[in-house]
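Raw contents of query_16.csv, CSV, C-alpha atoms:
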chain,number,residue,atom,x,y,z
A,1,MET,CA,-134.1,25.4,31.6
A,2,THR,CA,-137.2,23.3,31.7
A,3,GLY,CA,-139.6,26.2,31.7
A,4,SER,CA,-141.5,24.9,34.8
A,5,ALA,CA,-142.5,27.4,37.5
A,6,PRO,CA,-140.7,27.2,40.8
A,7,LEU,CA,-142.4,25.1,43.5
A,8,THR,CA,-144.4,26.9,46.1
A,9,SER,CA,-143.7,26.4,49.7
A,10,ALA,CA,-146.9,24.3,50.1
A,11,GLU,CA,-145.8,22.0,47.3
A,12,MET,CA,-142.3,21.6,48.8
A,13,VAL,CA,-143.8,20.8,52.2
A,14,GLN,CA,-146.4,18.3,51.0
A,15,PRO,CA,-144.0,15.3,50.6
A,16,LEU,CA,-142.5,16.1,54.1
A,17,ARG,CA,-146.0,16.2,55.6
A,18,GLY,CA,-146.8,12.8,54.1
A,19,GLU,CA,-143.5,11.4,55.6
A,20,LEU,CA,-144.3,12.9,58.9
A,21,ASP,CA,-147.8,11.5,59.0
A,22,GLU,CA,-146.5,8.1,58.1
A,23,HIS,CA,-143.8,8.4,60.8
A,24,MET,CA,-146.4,9.5,63.4
A,25,ALA,CA,-148.7,6.6,62.5
A,26,VAL,CA,-145.8,4.1,63.1
A,27,GLU,CA,-144.9,5.8,66.4
A,28,ARG,CA,-148.6,5.6,67.5
A,29,GLN,CA,-148.6,1.8,66.7
A,30,LEU,CA,-145.4,1.3,68.6
A,31,LEU,CA,-146.6,3.2,71.6
A,32,SER,CA,-149.9,1.3,71.6
A,33,ALA,CA,-148.0,-2.0,71.5
A,34,ARG,CA,-145.7,-1.0,74.3
A,35,LEU,CA,-148.6,0.2,76.5
A,36,ALA,CA,-150.5,-3.1,75.9
A,37,HIS,CA,-147.3,-5.1,76.8
A,38,ALA,CA,-146.9,-3.0,80.0
A,39,GLU,CA,-150.5,-3.6,80.9
A,40,ARG,CA,-150.1,-7.3,80.6
A,41,LEU,CA,-146.9,-7.4,82.6
A,42,GLY,CA,-148.3,-5.3,85.4
A,43,ASP,CA,-151.8,-6.8,85.2
A,44,LEU,CA,-152.9,-3.2,84.7
A,45,GLY,CA,-155.7,-1.6,82.8
A,46,TRP,CA,-156.8,2.0,82.4
A,47,ALA,CA,-160.3,3.6,82.3
A,48,GLU,CA,-161.8,7.0,81.6
A,49,TRP,CA,-165.3,8.0,82.6
A,50,HIS,CA,-166.8,11.3,81.4
A,51,LEU,CA,-169.0,12.6,84.1
A,52,HIS,CA,-171.4,14.7,82.1
A,53,SER,CA,-172.0,12.4,79.2
A,54,GLY,CA,-171.7,9.1,81.1
A,55,GLU,CA,-169.4,7.9,78.3
A,56,SER,CA,-166.7,5.4,79.3
A,57,THR,CA,-163.5,4.1,77.7
A,58,TRP,CA,-161.5,1.1,78.9
A,59,SER,CA,-158.2,-0.4,77.7
A,60,ASP,CA,-158.4,-4.0,76.6
A,61,HIS,CA,-156.7,-5.2,79.8
A,62,ALA,CA,-159.3,-3.4,82.0
A,63,TYR,CA,-161.9,-5.7,80.3
A,64,ALA,CA,-159.7,-8.7,81.0
A,65,ILE,CA,-159.3,-7.7,84.7
A,66,PHE,CA,-163.1,-7.6,85.1
A,67,GLY,CA,-163.6,-10.7,82.9
A,68,ARG,CA,-165.9,-8.6,80.8
A,69,ASP,CA,-166.5,-9.0,77.0
A,70,PRO,CA,-165.6,-5.7,75.2
A,71,VAL,CA,-168.9,-6.1,73.3
A,72,GLU,CA,-170.7,-5.4,76.5
A,73,GLY,CA,-168.8,-2.1,76.8
A,74,PRO,CA,-167.2,-0.7,80.0
A,75,ILE,CA,-168.9,-0.6,83.3
A,76,GLY,CA,-170.1,3.0,84.1
A,77,LEU,CA,-168.5,4.7,87.0
A,78,ARG,CA,-171.7,4.9,89.0
A,79,ASP,CA,-172.4,1.2,88.2
A,80,LEU,CA,-168.9,0.1,89.4
A,81,VAL,CA,-170.1,-0.5,93.0
A,82,GLY,CA,-172.6,-3.1,91.8
A,83,HIS,CA,-169.7,-5.2,90.5
A,84,VAL,CA,-167.9,-5.2,93.8
A,85,GLU,CA,-168.2,-7.9,96.4
A,86,PRO,CA,-170.9,-6.8,99.0
A,87,GLN,CA,-168.4,-6.5,101.9
A,88,ASP,CA,-166.3,-3.9,99.9
A,89,ARG,CA,-169.2,-1.8,98.4
A,90,ALA,CA,-169.1,0.9,101.1
A,91,LEU,CA,-165.3,1.3,100.6
A,92,VAL,CA,-165.8,1.7,96.8
A,93,ASP,CA,-168.8,4.0,97.3
A,94,GLY,CA,-166.7,6.2,99.6
A,95,LEU,CA,-163.9,6.3,97.0
A,96,LEU,CA,-166.3,7.3,94.2
A,97,ARG,CA,-167.8,10.1,96.4
A,98,SER,CA,-164.4,11.4,97.2
A,99,VAL,CA,-163.3,11.5,93.6
A,100,VAL,CA,-166.5,12.7,92.0
A,101,ASP,CA,-168.1,14.9,94.7
A,102,LEU,CA,-164.9,16.3,96.3
A,103,ALA,CA,-162.6,16.1,93.2
A,104,GLU,CA,-159.9,14.4,95.3
A,105,PRO,CA,-157.8,11.6,93.9
A,106,GLY,CA,-158.1,8.3,95.8
A,107,GLN,CA,-157.3,4.7,95.7
A,108,ALA,CA,-158.8,1.5,97.2
A,109,GLU,CA,-158.3,-2.2,97.1
A,110,PHE,CA,-161.5,-4.3,96.8
A,111,ARG,CA,-162.8,-7.6,95.6
A,112,ILE,CA,-164.7,-8.5,92.5
A,113,ARG,CA,-166.0,-11.8,91.2
A,114,ARG,CA,-164.7,-12.8,87.8
A,115,ARG,CA,-166.1,-15.9,86.3
A,116,GLY,CA,-167.0,-17.2,89.7
A,117,GLU,CA,-163.6,-16.5,91.2
A,118,ILE,CA,-162.9,-13.8,93.8
A,119,ARG,CA,-160.2,-11.3,92.5
A,120,ASN,CA,-158.4,-8.6,94.4
A,121,VAL,CA,-158.3,-5.3,92.5
A,122,ARG,CA,-156.6,-2.0,93.3
A,123,ALA,CA,-158.0,1.1,91.7
A,124,ALA,CA,-156.4,4.6,91.7
A,125,LEU,CA,-158.8,7.3,90.5
A,126,ASP,CA,-158.1,10.9,89.6
A,127,PRO,CA,-160.6,13.6,88.8
A,128,VAL,CA,-159.7,15.5,85.7
A,129,MET,CA,-161.0,18.8,84.3
A,130,SER,CA,-160.1,19.4,80.7
A,131,GLY,CA,-161.7,21.9,78.3
A,132,GLY,CA,-164.8,22.2,80.6
A,133,ARG,CA,-165.3,18.5,80.6
A,134,ALA,CA,-165.2,16.6,83.9
A,135,ALA,CA,-163.8,13.1,83.9
A,136,VAL,CA,-162.3,10.5,86.1
A,137,HIS,CA,-159.2,8.7,85.0
A,138,GLY,CA,-158.4,5.4,86.6
A,139,VAL,CA,-155.7,2.8,86.7
A,140,ILE,CA,-156.9,-0.7,87.7
A,141,GLN,CA,-154.6,-3.5,88.8
A,142,ASP,CA,-155.4,-7.1,89.5
A,143,VAL,CA,-153.4,-7.8,92.7
A,144,THR,CA,-154.8,-11.3,93.3
A,145,GLY,CA,-151.5,-13.1,92.7
A,146,ARG,CA,-149.7,-10.8,95.2
A,147,ARG,CA,-152.4,-11.3,97.8
A,148,ARG,CA,-152.2,-15.1,97.4
A,149,ALA,CA,-148.4,-15.0,97.7
A,150,GLU,CA,-148.7,-13.0,100.9
A,151,GLN,CA,-151.2,-15.5,102.3
A,152,ILE,CA,-148.9,-18.4,101.4
A,153,ALA,CA,-145.9,-16.7,103.0
A,154,SER,CA,-148.0,-15.8,106.1
A,155,GLU,CA,-149.2,-19.4,106.4
A,156,SER,CA,-145.7,-20.7,106.0
A,157,ARG,CA,-144.4,-18.5,108.8
A,158,ARG,CA,-147.2,-19.6,111.0
A,159,GLN,CA,-146.4,-23.3,110.3
A,160,LEU,CA,-142.7,-22.7,110.9
A,161,LEU,CA,-143.4,-21.1,114.3
A,162,GLU,CA,-145.6,-24.1,115.2
A,163,VAL,CA,-142.8,-26.5,114.3
A,164,ARG,CA,-140.3,-24.5,116.3
A,165,GLU,CA,-142.6,-24.4,119.3
A,166,ARG,CA,-143.2,-28.2,119.1
A,167,ALA,CA,-139.4,-28.8,118.8
A,168,ALA,CA,-138.7,-26.6,121.8
A,169,GLN,CA,-141.4,-28.5,123.8
A,170,GLN,CA,-139.9,-31.9,122.8
A,171,GLN,CA,-136.4,-30.7,123.9
A,172,ARG,CA,-137.7,-29.7,127.3
Re-express the file's structure as structure tokens.
Amino acid sequence: MTGSAPLTSAEMVQPLRGELDEHMAVERQLLSARLAHAERLGDLGWAEWHLHSGESTWSDHAYAIFGRDPVEGPIGLRDLVGHVEPQDRALVDGLLRSVVDLAEPGQAEFRIRRRGEIRNVRAALDPVMSGGRAAVHGVIQDVTGRRRAEQIASESRRQLLEVRERAAQQQR
């Protein structure tokens, strides 16, 4: 016998708690890396706006979508309309009223200007009530590439129809 007192349950659990904390830290890092990768692949970002405090949090890719330096901080929910192209401001204003005032989820596609270039952005916003705090969660996607591809396909179809029409006229 060594003469030492038996370990208490707290002493026995302490090494396991350390291992668990280390494992959870690694899992958080992996999850964060996976989320960042998914954001880049889908050209997606997320945002959270707390309605009472005015505090906002954005993912790194949300800043990239808006062409905004993270040092500037996120755009406030009520200031979002000011960053939208004038033709789409009424649409975004209606979306925000629906989400904030009526507590209804909504989505809209609108245009923003990023570094002088017009970008098409889709935003899906959800009102959230948690622990007495009202917030809006949003997923933002840059759909500019998709819209450009649709325009190219549409123009190609139009040109094909013109060529067919001219060929039919020449045959006659």
Within 6 Å of A:Ala135 using only C-alpha atoms, minus same-chain residues under 6 positions, as a list in words
Trp49, His50, Leu51, Pro127 and Val128 of chain A
Can you tell me which residues surround A:Arg97 at a distance of at most 12 Å, considering all atoms listed in the file, apart from same-chain residues fewer than 2 positions away, and format the answer as a list in words?
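With the cut-off at 12 Å, the set is Leu77, Arg78, Val81, Ala90, Leu91, Val92, Asp93, Gly94, Leu95, Val99, Val100, Asp101, Leu102, Ala103, Glu104, Pro105, Gly106, Gln107, Leu125, Asp126, Pro127 and Val136 of chain A.
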Rank nothing, just name the residue among A:Gly67, A:Gly82, A:Glu165, A:Asp43 nearest to A:Arg122, using only C-alpha atoms.
A:Asp43
Counting only C-alpha atoms, which residue out of A:Pro74, A:Gly131, A:Pro15, A:Gly42 sits closest to A:Gly54?
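The answer is A:Pro74, which sits nearest to A:Gly54.
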Excluding A:Ser59 and its own-chain neighbours fewer than 4 positions away, which residues fall within 12 Å of it when counting all atoms listed in the file? Please give them as an MDAnalysis selection string.
chainID A and resid 32 35:40 43:48 63:66 68:70 73:74 137:140
Separation of atom CA of A:Gln170 and atom CA of A:Arg158, in Å?
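Going from atom CA of A:Gln170 over to atom CA of A:Arg158, I get 18.5 Å.
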Can you tell me how far atom CA of A:Gly116 sits from atom CA of A:Ala149, in Å to one decimal?
20.4 Å
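Straight-line separation from atom CA of A:Ser154 to atom CA of A:Ala168: 21.2 Å.
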